[in-house]
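Novice: Got a structure for you, written out below as structure tokens; questions coming shortly.
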Amino acid sequence: TASLLNATVVGTGTAATPSGGVLTVQGPIQTGNAPAAVTVGASSGIAVAANSSRTGLALVNTSANIISIGFGANAAVLYSGITLYPAGSLTLNILDGCQQAITAIASAAGSNLAVQEMV
């Protein structure tokens with residue numbers, strides 16, 4: 001149990017019977033939302049809304065332009081922080097803060113950013 005392990009249990013999962021002193025824990029199975037795409041403009045805006053159920057997020061720059069990413073309430077700044085060149089990708093999990101809003105800005109208006117959320 002969590003109290004015997006001195007741990008906090010968050011979410012759901014299952015634990016197997018210990019074998020040789022090793023306890024294996026299987027987390028919940030993730031489900032992907034339908035793939036989507038957003039259009040990123042030449043000024044910073046919300047590309048992906050915050051989602052407290054999100055456990056993973058993949059972003060792929062499918063445009064010929066450069067896209068820079070910001071997190072939470074922070075505006076994205078072109079060529080600063082995480083910058084995705086054409087075909088560049090970013091994968092986030094729950095430990096990376098993927099539940100925050102994602103802001104984006106592009107080097108040219110009408111830039112396409114592919115989005116895949118896991119919940």
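Within each chain, counting starts at residue 1; across the structure tokens, chains are named A, B, ... in the order shown, with ligands numbered 1 upward in that order.
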Quick one: residues within 12 Å of Pro35 (chain A), only C-alpha atoms counted, chain neighbours fewer than 3 positions away excluded, as a ChimeraX atom specification?
Specialist: /A:31-32,38,57-60,113-118
Novice: Export, as an mmCIF file, in the first residue's frame, the selected residues with C-alpha atoms.
Specialist:
```cif
data_model
loop_
_atom_site.group_PDB
_atom_site.id
_atom_site.type_symbol
_atom_site.label_atom_id
_atom_site.label_comp_id
_atom_site.auth_asym_id
_atom_site.auth_seq_id
_atom_site.Cartn_x
_atom_site.Cartn_y
_atom_site.Cartn_z
ATOM 1 C CA THR A 31 -6.090 6.922 -24.997
ATOM 2 C CA GLY A 32 -5.258 9.296 -27.798
ATOM 3 C CA VAL A 38 -3.966 24.285 -35.477
ATOM 4 C CA LEU A 57 1.076 15.709 -25.917
ATOM 5 C CA ALA A 58 2.854 15.574 -29.272
ATOM 6 C CA LEU A 59 3.341 18.631 -31.474
ATOM 7 C CA VAL A 60 4.755 18.496 -35.013
ATOM 8 C CA LEU A 113 1.041 22.652 -36.170
ATOM 9 C CA ALA A 114 -0.160 19.041 -35.836
ATOM 10 C CA VAL A 115 -1.416 18.118 -32.353
ATOM 11 C CA GLN A 116 -1.991 14.727 -30.684
ATOM 12 C CA GLU A 117 -3.198 14.603 -27.073
ATOM 13 C CA MET A 118 -3.153 11.578 -24.802
#
```
Novice: With only C-alpha atoms as the basis for distance, which of A:Ser52, A:Asn112, A:Thr39, A:Thr103 is at the shortest distance from Ala76 (chain A)?
Specialist: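 That would be A:Thr103, the residue with the smallest distance to Ala76 (chain A).
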Novice: Need to verify the contact set: Gly72 (chain A), 10 Å, only C-alpha atoms, exclusion of same-chain residues closer than 3 positions in sequence. Can you return it as an MDAnalysis selection string?
Specialist: chainID A and resid 46 48:50 75:76 97:103
Novice: With distances taken over only C-alpha atoms, which residue among A:Asn65, A:Ser53, A:Asn33, A:Ser44 lies nearest Ala108 (chain A)?
Specialist: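 The answer is A:Asn65, which sits nearest to Ala108 (chain A).
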Novice: Considering only C-alpha atoms, state which residue in the set A:Ser89, A:Gln30, A:Asn61, A:Ser68 is at the smallest distance from Ser107 (chain A).
Specialist: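 Closest residue, counting only C-alpha atoms: A:Ser68.
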Novice: Can you measure CA of Val77 (chain A) to CA of Gly45 (chain A) for me? One decimal in Å is fine.
Specialist: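 Going from CA of Val77 (chain A) over to CA of Gly45 (chain A), I get 10.4 Å.
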Novice: When you draw a straight line from CA of Gly56 (chain A) to CA of Ile82 (chain A), how long is it in Å?
Specialist: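 Atom-to-atom, CA of Gly56 (chain A) and CA of Ile82 (chain A) are spaced 17.0 Å apart.
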Novice: Of the residues A:Leu84, A:Val119, A:Leu92, A:Ile67, which is the one nearest to Ser43 (chain A), using only C-alpha atoms?
Specialist: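 Under the stated criterion, the closest residue is A:Ile67.
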Novice: Go through A:Thr83, A:Phe71, A:Ile94, A:Asn51 one by one, measure the shortest atom-to-atom distance of each to Ala106 (chain A) using only C-alpha atoms, and give the residue with the smallest value.
Specialist: A:Thr83
Novice: Report the distance between CA of Gly88 (chain A) and CA of Arg54 (chain A) in Å, rounded to one decimal place.
Specialist: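 One can read the CA of Gly88 (chain A) to CA of Arg54 (chain A) distance as 21.5 Å.
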